[in-house]
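Structure file data_5.pdb (PDB, C-alpha atoms) is printed below.
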```pdb
ATOM      1  CA  MET K   1      28.541   6.906   5.835
ATOM      2  CA  LEU K   2      30.262   6.394   9.171
ATOM      3  CA  CYS K   3      28.703   7.740  12.386
ATOM      4  CA  ARG K   4      30.903   8.307  15.385
ATOM      5  CA  ALA K   5      29.530   8.527  18.882
ATOM      6  CA  GLN K   6      30.467  11.678  20.721
ATOM      7  CA  ILE K   7      32.983  10.996  23.457
ATOM      8  CA  VAL K   8      31.619  11.793  26.894
ATOM      9  CA  GLY K   9      33.287  14.929  28.198
ATOM     10  CA  TRP K  10      34.174  16.135  24.715
ATOM     11  CA  PRO K  11      34.357  18.890  23.690
ATOM     12  CA  PRO K  12      35.775  20.110  26.981
ATOM     13  CA  ILE K  13      33.661  22.586  28.906
ATOM     14  CA  ARG K  14      35.524  25.428  30.507
ATOM     15  CA  SER K  15      35.430  25.205  34.287
ATOM     16  CA  TYR K  16      33.502  28.460  34.712
ATOM     17  CA  ARG K  17      30.720  27.125  32.451
ATOM     18  CA  LYS K  18      30.665  23.726  34.125
ATOM     19  CA  ASN K  19      30.284  25.312  37.558
ATOM     20  CA  SER K  20      27.407  27.517  36.444
ATOM     21  CA  LEU K  21      25.328  24.612  35.148
ATOM     22  CA  GLN K  22      25.149  22.184  38.053
ATOM     23  CA  MET K  23      26.778  21.546  41.381
ATOM     24  CA  TYR K  24      26.482  17.894  42.279
ATOM     25  CA  VAL K  25      27.795  16.668  45.621
ATOM     26  CA  LYS K  26      27.743  13.194  47.152
ATOM     27  CA  VAL K  27      25.600  12.634  50.222
ATOM     28  CA  SER K  28      26.152   9.792  52.672
ATOM     29  CA  MET K  29      24.507   8.856  55.956
ATOM     30  CA  ASP K  30      26.104   6.854  58.753
ATOM     31  CA  GLY K  31      24.538   3.393  58.737
ATOM     32  CA  ALA K  32      22.955   3.751  55.273
ATOM     33  CA  PRO K  33      24.202   1.222  52.694
ATOM     34  CA  TYR K  34      24.048   3.688  49.791
ATOM     35  CA  LEU K  35      25.204   7.127  48.653
ATOM     36  CA  ARG K  36      23.179   9.749  46.823
ATOM     37  CA  LYS K  37      24.149  12.667  44.631
ATOM     38  CA  ILE K  38      22.278  15.956  44.695
ATOM     39  CA  ASP K  39      22.507  19.208  42.773
ATOM     40  CA  LEU K  40      22.911  21.983  45.349
ATOM     41  CA  LYS K  41      21.812  24.652  42.867
ATOM     42  CA  VAL K  42      18.267  23.260  43.020
ATOM     43  CA  TYR K  43      17.874  24.526  46.585
ATOM     44  CA  ARG K  44      17.454  28.163  47.621
ATOM     45  CA  GLY K  45      18.617  27.810  51.209
ATOM     46  CA  TYR K  46      19.236  25.557  54.178
ATOM     47  CA  PRO K  47      15.541  24.873  54.977
ATOM     48  CA  GLU K  48      14.905  23.439  51.478
ATOM     49  CA  LEU K  49      18.124  21.399  51.532
ATOM     50  CA  LEU K  50      17.407  19.936  54.979
ATOM     51  CA  LYS K  51      13.832  19.060  54.043
ATOM     52  CA  ALA K  52      15.101  17.191  50.967
ATOM     53  CA  LEU K  53      17.790  15.339  52.960
ATOM     54  CA  GLU K  54      15.267  14.367  55.648
ATOM     55  CA  ALA K  55      12.925  12.929  53.018
ATOM     56  CA  MET K  56      15.758  11.185  51.143
ATOM     57  CA  PHE K  57      17.249   9.438  54.181
ATOM     58  CA  LYS K  58      14.168   9.264  56.472
ATOM     59  CA  PHE K  59      15.578  11.130  59.471
ATOM     60  CA  ALA K  60      14.841  14.349  61.369
ATOM     61  CA  ALA K  61      17.612  16.940  61.644
ATOM     62  CA  GLY K  62      16.192  18.632  64.725
ATOM     63  CA  VAL K  63      16.397  22.357  65.343
ATOM     64  CA  TYR K  64      19.555  24.320  64.504
ATOM     65  CA  SER K  65      20.865  27.213  66.550
ATOM     66  CA  GLU K  66      24.190  29.019  66.169
ATOM     67  CA  ARG K  67      25.043  28.509  69.831
ATOM     68  CA  GLU K  68      24.085  24.862  70.235
ATOM     69  CA  GLY K  69      24.152  23.302  66.760
ATOM     70  CA  TYR K  70      21.407  20.715  66.087
ATOM     71  CA  LYS K  71      19.211  19.747  69.020
ATOM     72  CA  GLY K  72      16.622  16.984  69.208
ATOM     73  CA  SER K  73      18.060  14.566  66.671
ATOM     74  CA  GLU K  74      20.212  11.459  66.637
ATOM     75  CA  TYR K  75      21.746  12.591  63.321
ATOM     76  CA  VAL K  76      23.525  15.801  62.356
ATOM     77  CA  PRO K  77      23.983  17.094  58.772
ATOM     78  CA  THR K  78      27.615  18.029  58.109
ATOM     79  CA  TYR K  79      29.685  18.933  55.063
ATOM     80  CA  GLU K  80      33.301  18.863  53.957
ATOM     81  CA  ASP K  81      34.623  22.191  52.737
ATOM     82  CA  LYS K  82      37.346  22.917  50.178
ATOM     83  CA  ASP K  83      40.030  22.712  52.888
ATOM     84  CA  GLY K  84      38.935  19.209  53.944
ATOM     85  CA  ASP K  85      37.398  20.382  57.247
ATOM     86  CA  TRP K  86      34.047  18.971  58.408
ATOM     87  CA  MET K  87      31.515  21.589  59.506
ATOM     88  CA  LEU K  88      27.843  21.695  60.480
ATOM     89  CA  VAL K  89      25.371  22.483  57.725
ATOM     90  CA  GLY K  90      24.108  25.972  58.604
ATOM     91  CA  ASP K  91      27.298  27.295  60.239
ATOM     92  CA  VAL K  92      28.133  29.668  57.388
ATOM     93  CA  PRO K  93      25.987  31.838  55.087
ATOM     94  CA  TRP K  94      24.306  29.929  52.235
ATOM     95  CA  ASP K  95      26.435  31.504  49.466
ATOM     96  CA  MET K  96      29.643  30.574  51.260
ATOM     97  CA  PHE K  97      28.335  27.032  51.782
ATOM     98  CA  MET K  98      27.479  26.731  48.082
ATOM     99  CA  SER K  99      30.983  27.751  47.016
ATOM    100  CA  SER K 100      32.849  25.572  49.517
ATOM    101  CA  CYS K 101      30.815  22.338  49.909
ATOM    102  CA  LYS K 102      32.556  19.275  48.448
ATOM    103  CA  ARG K 103      30.316  16.595  49.963
ATOM    104  CA  LEU K 104      27.641  16.072  52.607
ATOM    105  CA  ARG K 105      27.531  13.514  55.392
ATOM    106  CA  ILE K 106      24.715  12.900  57.834
ATOM    107  CA  MET K 107      26.582  11.627  60.863
ATOM    108  CA  LYS K 108      25.560  10.369  64.266
ATOM    109  CA  GLY K 109      25.396  13.186  66.783
ATOM    110  CA  SER K 110      27.977  11.498  69.001
ATOM    111  CA  GLU K 111      30.553  11.659  66.169
ATOM    112  CA  ALA K 112      29.748  15.294  65.404
ATOM    113  CA  ARG K 113      30.870  16.552  68.825
ATOM    114  CA  GLY K 114      33.367  19.350  68.412
ATOM    115  CA  LEU K 115      32.059  20.431  65.011
ATOM    116  CA  GLY K 116      30.578  23.882  64.798
ATOM    117  CA  CYS K 117      29.580  25.845  67.825
ATOM    118  CA  GLY K 118      28.230  23.704  70.592
ATOM    119  CA  VAL K 119      27.520  20.214  69.370
TER     120      VAL K 119
END
```
So that I can check it, write out the structure of this file as structure tokens.
Amino acid sequence: MLCRAQIVGWPPIRSYRKNSLQMYVKVSMDGAPYLRKIDLKVYRGYPELLKALEAMFKFAAGVYSEREGYKGSEYVPTYEDKDGDWMLVGDVPWDMFMSSCKRLRIMKGSEARGLGCGV
């Protein structure tokens, strides 16, 4: 009897089912020699996500405010949305972030000037 290994990605999963299972995005940090991948659906909001990123990359994000962005940190968490624009993590409501985030990047604060409200 012949056994065949199942081909990865077969049978195809409809996009609506794939999106409901997991939502992995790549995470990079300026100066770090490696990338990570996280499942955004594991987190319930920005505080949980930021705590996980801080532990993963050993940095402090500082305090976020809508008027001034992130204060008190050398690094700023940002994300690329569906349109290819880079924005500050926390600038939009969590549900909107979840549906538009393509990847995350923790960049130096000096490079993040001009993103969001007052960085």
Selection result for the PyMOL selection byres ((chain K and resi 75) around 8) on this file, as JSON, numbers by chain: {"K": [59, 60, 61, 73, 74, 76, 77, 106, 107, 108, 109]}
Using all atoms listed in the file, which residues sit within 10 Å of Tyr64 in chain K once same-chain residues fewer than 5 positions away are excluded, as a PDB file with C-alpha atoms, keeping the file's coordinate frame?
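That gives us out.pdb:
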```
ATOM      1  CA  GLY K  69      24.152  23.302  66.760  1.00  0.00           C
ATOM      2  CA  TYR K  70      21.407  20.715  66.087  1.00  0.00           C
ATOM      3  CA  LYS K  71      19.211  19.747  69.020  1.00  0.00           C
ATOM      4  CA  GLY K  72      16.622  16.984  69.208  1.00  0.00           C
ATOM      5  CA  VAL K  76      23.525  15.801  62.356  1.00  0.00           C
ATOM      6  CA  LEU K  88      27.843  21.695  60.480  1.00  0.00           C
ATOM      7  CA  VAL K  89      25.371  22.483  57.725  1.00  0.00           C
ATOM      8  CA  GLY K  90      24.108  25.972  58.604  1.00  0.00           C
ATOM      9  CA  ASP K  91      27.298  27.295  60.239  1.00  0.00           C
TER      10      ASP K  91
END
```
Evaluate the PyMOL selection byres ((chain K and resi 37) around 8) against this structure - the residues, as a list in words, please. Tyr24, Val25, Lys26, Val27, Leu35, Arg36, Ile38 and Asp39 of chain K
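CA of Pro33 in chain K is found 22.3 Å from CA of Cys101 in chain K.
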To one decimal in Å, tell me the separation between CA of Met29 in chain K and CA of Trp86 in chain K.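 Atom-to-atom, CA of Met29 in chain K to CA of Trp86 in chain K, that is 14.1 Å.
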Interatomic distance between CA of Gly114 in chain K and CA of Glu80 in chain K?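 CA of Gly114 in chain K sits 14.5 Å away from CA of Glu80 in chain K.
The closest residue to Val92 in chain K, picked from K:Val63, K:Arg113, K:Gly45, K:Leu40 and counting all atoms listed in the file, is K:Gly45.
Ranking K:Arg67, K:Val42, K:Arg103, K:Trp94 by their shortest atom-to-atom distance to Tyr79 in chain K, with all atoms listed in the file included, puts K:Arg103 first.
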Centre and edge lengths, as JSON, for the axis-aligned box enclosing every listed atom of range 26-34 of chain K with 8 Å of padding on each of the six sides, in Å to one decimal?
```
{"center_x": 25.3, "center_y": 7.2, "center_z": 53.0, "size_x": 20.8, "size_y": 28.0, "size_z": 27.6}
```
Among listed residues K:Gln22, K:Ala112, K:Ala52, K:Gly62, nearest Met98 in chain K (using all atoms listed in the file):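 Looking only at the distances to Met98 in chain K, the closest residue turns out to be K:Gln22.
The shortest atom-to-atom distance to Asp30 in chain K, with only C-alpha atoms taken into account, belongs to K:Phe57 out of K:Tyr46, K:Phe57, K:Leu115, K:Asp95.
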Using all atoms listed in the file, which of the listed residues (K:Met87, K:Glu54, K:Lys82, K:Glu48) sits closest to Lys102 in chain K?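 Smallest separation from Lys102 in chain K among the options: K:Lys82.
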Quick one: of K:Gly84, K:Tyr43, K:Thr78, K:Leu49, who's nearest to Ser28 in chain K, counting all atoms listed in the file?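 Under the stated criterion, the closest residue is K:Thr78.
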